[in-house]
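Single-structure report; data block below.
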Amino acid sequence: QAWLLAGQTDRAESNLTAALALRPGNVELLISRAIARASATDYWNAIDDLNAALATAPERIDALVLRATAYRYLDSLDLARQDAERAVALDPMDPDARLERSLILWRLGEQEAAIDDWRRILDIAPESGAALVAAENMKRLSAPAEE
C-alpha cells in the first residue's frame, strides 16, 4: 500500500504478487493487487484478481464495487451494473456502492435513478467521500449551462 501511495504501481503489484506466492488465494492480497493493477489501468487483470477474491468471499462489498468500477472503465456497463446492484443489495447503506451504481446508471441514461442514489448518499453518509462526489454532481445539475 505504501508503494501505491507513492505512485509506484509496478512495485506495489510486484510485492503483492510475491506475497500471493507465499499466501495463494489470500483475499486481502488479491484485492490490494487488483487496486494496484487498476491504478495502472490494467483493468482486466484487476478483474481477474477480484474474481478470485469473490470466489472465496462472495459478499465482499468492496470487491464488488471495485470490479464494478473496473467494468465501468472498460465500458462493460451491464456487468458493472450487476456488481453495483449486488453490492447495494448486500448493504443499502454503503455509500461507495451507491455512488458506483449512480455513476453506472448515469452512463446508462437513467439520470433520475442516479440522482436518487446521490440524494440517498447525502442522507446516509453526509461526511463521506462519496457524499462529496454526490454533492458535486448535484451542484453541476443545478448550475446554469455554459454558452
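Identifiers in this document derive from the order of the C-alpha cells: chains are assigned A, B, ..., residues are numbered from 1 separately in each chain, and ligands are numbered from 1 in order of occurrence.
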
Legend entry - Residue neighbourhood Ala125 (chain A), 9 Å, only C-alpha atoms, exclusion window fewer than 6 positions, as a ChimeraX atom specification: /A:93-95,131

Inset, instruction - Enumerate the residues of chain A with a DSSP assignment of helix (DSSP H, G or I), computed from the backbone, and present them as a PyMOL selection string. - result: chain A and resi 2-5+9-22+27-39+43-56+61-73+77-90+95-107+111-124+129-142

Inset, instruction - Skip Ala70 (chain A) itself and residues of its chain fewer than 5 positions away, then list as a VMD selection string all residues within 8 Å of it, counting only C-alpha atoms. - result: chain A and resid 38 43 to 44 46 to 47 80

Inset, instruction - Write out as a list of chain:residue names which residues come within 8 Å of Ser32 (chain A) when counting only C-alpha atoms, dropping same-chain ones fewer than 4 positions away. - result: A:Gln1, A:Leu16, A:Glu28, A:Ala36

Inset, instruction - List the neighbours of region 111-119 of chain A out to 6 Å using only C-alpha atoms; skip same-chain residues closer than 6 positions along the sequence, and give me the result as number ranges by chain. - result: A: 98, 102, 105, 134

Kindly export the residues of the current selection with N, CA, C and O atoms, as a compact mmCIF listing (two decimals), in the first residue's frame.
# COMPACT_ATOMS: atom_id res chain seq x y z
N ARG A 98 -23.42 2.72 -3.52
CA ARG A 98 -24.44 3.58 -4.14
C ARG A 98 -23.82 4.57 -5.13
O ARG A 98 -24.38 4.84 -6.18
N SER A 102 -24.65 4.79 -9.02
CA SER A 102 -25.15 6.03 -9.62
C SER A 102 -24.37 6.42 -10.87
O SER A 102 -24.94 6.88 -11.86
N LEU A 105 -25.52 4.10 -13.60
CA LEU A 105 -26.86 4.46 -14.03
C LEU A 105 -26.85 5.71 -14.90
O LEU A 105 -27.55 5.79 -15.91
N ALA A 134 -21.20 13.05 -4.73
CA ALA A 134 -22.64 13.17 -4.97
C ALA A 134 -23.06 14.65 -4.94
O ALA A 134 -23.80 15.10 -5.82

Inset, instruction - Can you work out the spacing between CA of Asp91 (chain A) and CA of Leu64 (chain A) in Å, to one decimal? - result: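 Between CA of Asp91 (chain A) and CA of Leu64 (chain A) the gap is 11.5 Å.
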
Inset, instruction - Can you pull out every residue within 9 Å of Arg60 (chain A), counting only C-alpha atoms, but drop anything in the same chain fewer than 6 positions away, and send it as a list in words? - result: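 Once the adjacent positions are removed, what remains is Ala53, Leu54, Ala87 and Leu90 of chain A.
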
Legend entry - Nearest to Ala52 (chain A), chosen from A:Ile35, A:Val27, A:Ala6, A:Leu74, with only C-alpha atoms counted in the distances: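 With only C-alpha atoms as the atom set, the closest residue is A:Val27.
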
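Comparing A:Leu50, A:Leu4, A:Arg101, A:Ala55 by their smallest distance to Leu30 (chain A), the closest is A:Leu50 (using only C-alpha atoms).
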
Legend entry - Atomic distance CA of Trp106 (chain A) - CA of Tyr71 (chain A), expressed in Å with one decimal: 14.6 Å

Inset, instruction - May I have the residues within 10 Å of Ala89 (chain A) as a ChimeraX atom specification, using only C-alpha atoms and disregarding those fewer than 6 positions away in the same chain? - result: /A:61,83,97-98

With C-alpha atoms retained, write the just-selected residues as a compact mmCIF listing (two decimals), in the first residue's frame.
# COMPACT_ATOMS: atom_id res chain seq x y z
CA ILE A 61 -18.85 -5.33 -0.99
CA ASP A 83 -21.90 -5.89 -9.44
CA ALA A 97 -21.70 1.02 -3.54
CA ARG A 98 -24.44 3.58 -4.14
